[in-house]
Structures are given as C-alpha cells and as structure tokens.
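This report concerns only the one structure given below.
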Amino acid sequence: MFIRMIAKAFVRQWKKMAMIAFTIALGASLATAMLSVMMDVGDKINQELKAYGANINVVPKGNSVISELYDVGDENVTGAYLNESELGKIKTIFWAFNIVDYAPFITTEAVLEDGSFVEVTGTWFNHHMELPTGEQLDAGLNSLRSWWDITSGRWIDEQTNDKSVAMVGSTLAKKEGISVNDDITLKGIASDVTVKVVGIYDSGGEEDDYIYVPVDIAQLLGGLDGKIDSIEVSALTTPDNELAQKAARDPGSLSVSQYETWYCTAYVSSICYQIEEVITDSVASAVRQVASSEGTILEKTQLLMILITILSMIGAALGICNLVTASVMERSQEIGLMKAIGAHNGAITGLVITEIMCTAVIGGIAGFFAGLGFAQIIGHTVFDSAINMRPMVIPVVTVLVFIVTLTGCIPAIRMLLNLHPTEVLHGR
C-alpha cells in the first residue's frame, strides 16, 4: 500500500517531481564538479606555477654560512662549490617524482674582444639525463625560464650538436652590437673559448647583461671542471602548515611521529632536507616568494570552490523548499482525508519524505555524473589536463544531497503538521 501510494504520487505530480529532481541534479552537479576540481587542483596549480621558475635553491654550505653572517646574496659569494657528478642524486630522494625540473649554474667572468668584462653563466638548457633509478629526464633552463622572450634566434639545444654556442642577453647584445650567428671570443681565467651566438633573450631582469652557455663551457673558462655554484629545483609541494614551519626551523625538535609525517609529506622544507641528504655539503632553501605564492593561491582557489559548492547547495535547498511546499499545498485535501481516516502525522511525513528522497536519488545520480563531465571541461579549459576523480567525492556529495533535501523539506513538513482535516476538507 505504501509503495502504491508513492507510485501514484509520482504519476499524478510527475512535473513537480521532475523539477525537484532537476533542482537536486543541478546542485549535485555543481558540488561534484567543484569538489573534484578542489581535490585535484593542488597539483594542477603547482604545475602551472612551475612555469614561472624554481621554488628551491641549493648552494654550497660554505656560501650559505657567509651569506647569513654578512647578509649578502649567494650570487655574491664564491669559493665553495657543489659537485656536478651528484646532480642525478636529486631524483633519488623520497619525493623524487615531485621534482619536475632542475638545473645547475656556474658563473665565471670573461673578457670580450673589446676588453669589456662580462658574466658568463653555464647551465643546462634541455639536458638529457639517465638517472640512477633507470628513469630518463630532460631538464634545464628552457623550462625553468619559460617566460624569457627569445627576441632573435632560438634556445640552445643540447640534444643536437650545439656545443660551442651561447645565448646573449638583450641589454648586452645591444651594447656590444652582438647579433645571432656572430662568433664571439670569451677570454676566461683559465682558457679562451670562441662561441657562436644562437639566440638573443629578454628576461626583464639583470640576466639581460649575461651570456649563457652550456655548463662545460663555463667550467672550461673558469678552470672549474666538475664544479657548480648552485642548483635551482622546481618541485611540486604541499602548502606549509604549523608542522612544516616547526620542521623548517629545527627538524630535531620533532617527535618520531611528527618527523615521519613531515618527512613523508611533500612540504618544501621536507624536500629541501632530503636534497641536503644526497648533495654533499649543501644547503637547500625555499624561494619563499614562489613557495608562499603557491600556498596562498591554492588556499584561495580551494576557498572559492567551497563557497561555490555552498551557494549551489543553498540554491538547491531553496528550490526544493518551494517545490515541495507547493506540492503539499496541492495535496492538502488528500492529506486532510488521510488524517481524517486515522493516519498519523508521522506516517504522512514519512510518505512525503520518502517520495522526495526517491526523487533525490534520481536527481543526485544524474547530477553526479553530469558534475564529473563539468569537472573535465574545467580541467581541460583551465589546466589543459583531465581532473582525476577522487573516491572521497562520492560520499561527500551523497551527504550534501541528503542534507539539502531534508532541509528543503522542513517548511513543507511544518505546513503538513499544521493541516487540520476539518478546515481543508471544507475548503477553508
């Protein structure tokens, strides 16, 4: 009898039931899309921010100590070096897969043919590595400085025959009259090298006065075989919390459980610590402007997603409230008759809620799958990649739909409880 009454209600009021299902589906789809993007947006935003530079800088321990004592930048301190042979070890740390790019730097002075002094920086451009783990990696300046504007020529390509080549900053090129395809002789501390200019770049910073060459060329000029000044690392990180800040100050102050949690979480301080473990006599530190920006942008984006989800649920609740109330008003005589023949408020309330919940199940399922589609559209439109479905979204959306549906039914249930059979049956 109970099931038959529900079925007849669906038949008689199918338009209102369809509208309720559509309202729930709309709210569920927005919630599913926003929650799916929110739970996967961290890596996506980190990947986007990686296009704007490294977030970890690794320098020799001696240089770091002098920098701290005398408050000078690491680039102004010389005398200590890292070993180029250890670069592959960075991809052997616990968070190796979070290291998306890195490059070494070695800076030396050289003299041009007209007697002008110039800074020459050796680095990787698109360096191909066979890692100790068996992986392969292409890393270097081409991706770490992707915002540089190549005003003339091209990037150095290490995977071809680009050996004795150079890229010149736009300011220096203009001052010295250097053009693409020119051969320039660099007189270094240890030896002289003639390089061919393959590109002119505009960095928008002090690098426009530099010459960039493959790392072995700079080492040859300065007599620094196998040595590097610093390493810039681009890593996917988790925004810092109180534990990460405490560990950054002193990892030794952590308890065993705190240490394990910190070490096994991709905090920037954790990744820095692990890099120091594999690179001899090194100090790895976060580039705070980049690392802080990542956390701030991620938090604000996630907050935006949560607010959109909350607003969509409120809108769905209001829509359900209006539709269910209208349904109860239309059925007031039917409800009054049921009360007159002995039906209790609890039984009638259970009937109405069951009808709405059945509708909510249909609308919720349709909205969930529509939301997954919306999430993929957002992912491909904004991040040019798919959004990974997180299983946690299913129970969260289910609970939200359940709460919103019940909340929307409250005004209608209160009206139902206040209906008096004598009044509604006599048309009052």
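Identifiers in the structure tokens: chain A, B, ... in order shown; residue index from 1 per chain; ligand index from 1 in order shown.
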Check your understanding: Neighbours of A:Ala266 within 12 Å (only C-alpha atoms; same-chain residues fewer than 2 positions away dropped), as a PyMOL selection string?
Key -> chain A and resi 42-43+46+93-99+235-241+244+260-264+268-274
Practice item. Show which residues sit within 9 Å of stretch 355-363 of chain A, as a ChimeraX atom specification. Count only C-alpha atoms, and ignore same-chain residues fewer than 2 positions away. Key: /A:6-7,9-10,17-18,20-26,28,324,350-353,365-368,398,401-402,405-406,409
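For the atom pair formed by atom CA of A:Leu221 and atom CA of A:Lys196, the distance is 15.2 Å, given to one decimal.
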**Study point:** Distance query A:Ser170 at most 12 Å, only C-alpha atoms, self and fewer than 6 positions along chain excluded, as a PyMOL selection string
**Key:** chain A and resi 148-153+176-180+199-212
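Considering only C-alpha atoms, the residue among A:Glu299, A:Glu242, A:Asp229, A:Glu113 positioned nearest to A:Leu82 is A:Asp229.
Residues within 9 Å of A:Ser29, counting only C-alpha atoms and excluding same-chain residues fewer than 6 positions away, are A:Gly364, A:Ala366, A:Gly367, A:Phe368, A:Phe369, A:Ala370, A:Gly371, A:Leu372, A:Gly373, A:Phe374.
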Practice item. May I have the residues within 10 Å of A:Asp138 as a ChimeraX atom specification, using only C-alpha atoms and disregarding those fewer than 5 positions away in the same chain? Key: /A:100-102,124-130,143,159
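Atom pair atom CA of A:Tyr81 / atom CA of A:Ser146 has a distance of 26.5 Å (rounded to one decimal).
Minimum atom-to-atom distances from A:Gln302, A:Asn57, A:Gln245, A:Asn345 to A:Asp40 were compared using only C-alpha atoms, and the lowest value belongs to A:Gln302.
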Exercise for review: Identify all residues of stretch 32-267 of chain A in alpha helix (DSSP H) (DSSP on the backbone) and supply them as a ChimeraX atom specification.
Suggested key: /A:32-49,61-70,141-144,170-176,215-222,242-249,256-263
**Study point:** Members of stretch 78-168 of chain A assigned strand (DSSP E) by DSSP, as a PyMOL selection string
**Key:** chain A and resi 82-83+99-111+117-123+127-130+136-139+149-153+165-168
Just write the chosen residues, C-alpha atoms, as a tab-separated table (two decimals), in the first residue's frame.
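Written file, result.tsv:
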chain	number	residue	atom	x	y	z
A	82	LEU	CA	78.95	21.66	-5.40
A	83	ASN	CA	79.88	18.55	-7.39
A	99	ILE	CA	60.93	17.04	-8.71
A	100	VAL	CA	59.71	18.20	-12.11
A	101	ASP	CA	62.77	20.15	-13.25
A	102	TYR	CA	66.16	21.39	-12.10
A	103	ALA	CA	69.35	22.89	-13.48
A	104	PRO	CA	72.89	23.62	-12.22
A	105	PHE	CA	74.55	27.03	-12.53
A	106	ILE	CA	78.21	28.00	-12.64
A	107	THR	CA	79.19	31.67	-13.11
A	108	THR	CA	82.57	32.99	-14.16
A	109	GLU	CA	83.95	36.21	-15.57
A	110	ALA	CA	85.26	36.61	-19.10
A	111	VAL	CA	86.61	39.40	-21.27
A	117	PHE	CA	84.12	42.30	-18.73
A	118	VAL	CA	81.04	40.11	-18.84
A	119	GLU	CA	79.49	37.48	-16.61
A	120	VAL	CA	79.19	34.07	-18.23
A	121	THR	CA	76.77	31.59	-16.71
A	122	GLY	CA	76.94	27.92	-17.55
A	123	THR	CA	73.81	25.81	-17.16
A	127	HIS	CA	69.85	18.37	-20.79
A	128	HIS	CA	69.05	14.67	-21.16
A	129	MET	CA	69.85	12.52	-18.12
A	130	GLU	CA	69.92	8.79	-17.50
A	136	GLN	CA	65.17	9.49	-18.11
A	137	LEU	CA	64.81	13.24	-17.62
A	138	ASP	CA	65.09	16.31	-19.83
A	139	ALA	CA	65.75	19.31	-17.61
A	149	ASP	CA	61.32	36.23	-24.60
A	150	ILE	CA	63.65	34.97	-27.33
A	151	THR	CA	63.80	38.18	-29.37
A	152	SER	CA	66.08	36.70	-32.01
A	153	GLY	CA	67.29	33.20	-32.80
A	165	VAL	CA	77.29	28.08	-28.53
A	166	ALA	CA	75.87	30.88	-26.42
A	167	MET	CA	72.76	32.94	-25.72
A	168	VAL	CA	73.25	36.66	-25.07
Point to revise | Exercise: A:Ile387 partners within 7 Å, only C-alpha atoms, chain neighbours under 3 positions left out, as a ChimeraX atom specification | key: /A:37,40,375-376,379
Limited to all heavy atoms, could you put the picked residues into a file as a PDB file, in the first residue's frame?
ATOM      1  N   VAL A  37      37.387  19.264  -8.688  1.00  0.00           N
ATOM      2  CA  VAL A  37      38.463  20.188  -9.055  1.00  0.00           C
ATOM      3  C   VAL A  37      39.262  20.592  -7.817  1.00  0.00           C
ATOM      4  O   VAL A  37      40.487  20.643  -7.847  1.00  0.00           O
ATOM      5  CB  VAL A  37      37.880  21.430  -9.760  1.00  0.00           C
ATOM      6  CG1 VAL A  37      38.978  22.471 -10.003  1.00  0.00           C
ATOM      7  CG2 VAL A  37      37.232  21.039 -11.080  1.00  0.00           C
ATOM      8  N   ASP A  40      41.763  18.074  -6.684  1.00  0.00           N
ATOM      9  CA  ASP A  40      42.848  17.797  -7.627  1.00  0.00           C
ATOM     10  C   ASP A  40      43.571  19.070  -8.061  1.00  0.00           C
ATOM     11  O   ASP A  40      44.527  19.014  -8.804  1.00  0.00           O
ATOM     12  CB  ASP A  40      42.277  17.086  -8.861  1.00  0.00           C
ATOM     13  CG  ASP A  40      43.356  16.426  -9.710  1.00  0.00           C
ATOM     14  OD1 ASP A  40      44.228  15.736  -9.151  1.00  0.00           O
ATOM     15  OD2 ASP A  40      43.343  16.599 -10.940  1.00  0.00           O
ATOM     16  N   ALA A 375      33.572  18.796 -14.458  1.00  0.00           N
ATOM     17  CA  ALA A 375      34.935  18.847 -13.911  1.00  0.00           C
ATOM     18  C   ALA A 375      35.970  18.656 -15.013  1.00  0.00           C
ATOM     19  O   ALA A 375      37.011  19.334 -15.033  1.00  0.00           O
ATOM     20  CB  ALA A 375      35.107  17.777 -12.835  1.00  0.00           C
ATOM     21  N   GLN A 376      35.694  17.740 -15.945  1.00  0.00           N
ATOM     22  CA  GLN A 376      36.635  17.515 -17.044  1.00  0.00           C
ATOM     23  C   GLN A 376      36.704  18.722 -17.973  1.00  0.00           C
ATOM     24  O   GLN A 376      37.772  19.077 -18.475  1.00  0.00           O
ATOM     25  CB  GLN A 376      36.237  16.257 -17.829  1.00  0.00           C
ATOM     26  CG  GLN A 376      36.273  14.973 -17.013  1.00  0.00           C
ATOM     27  CD  GLN A 376      37.581  14.773 -16.275  1.00  0.00           C
ATOM     28  OE1 GLN A 376      38.665  15.006 -16.805  1.00  0.00           O
ATOM     29  NE2 GLN A 376      37.486  14.362 -15.011  1.00  0.00           N
ATOM     30  N   GLY A 379      38.835  21.179 -16.202  1.00  0.00           N
ATOM     31  CA  GLY A 379      40.228  20.746 -16.236  1.00  0.00           C
ATOM     32  C   GLY A 379      40.893  21.021 -17.572  1.00  0.00           C
ATOM     33  O   GLY A 379      41.999  21.575 -17.631  1.00  0.00           O
TER      34      GLY A 379
END
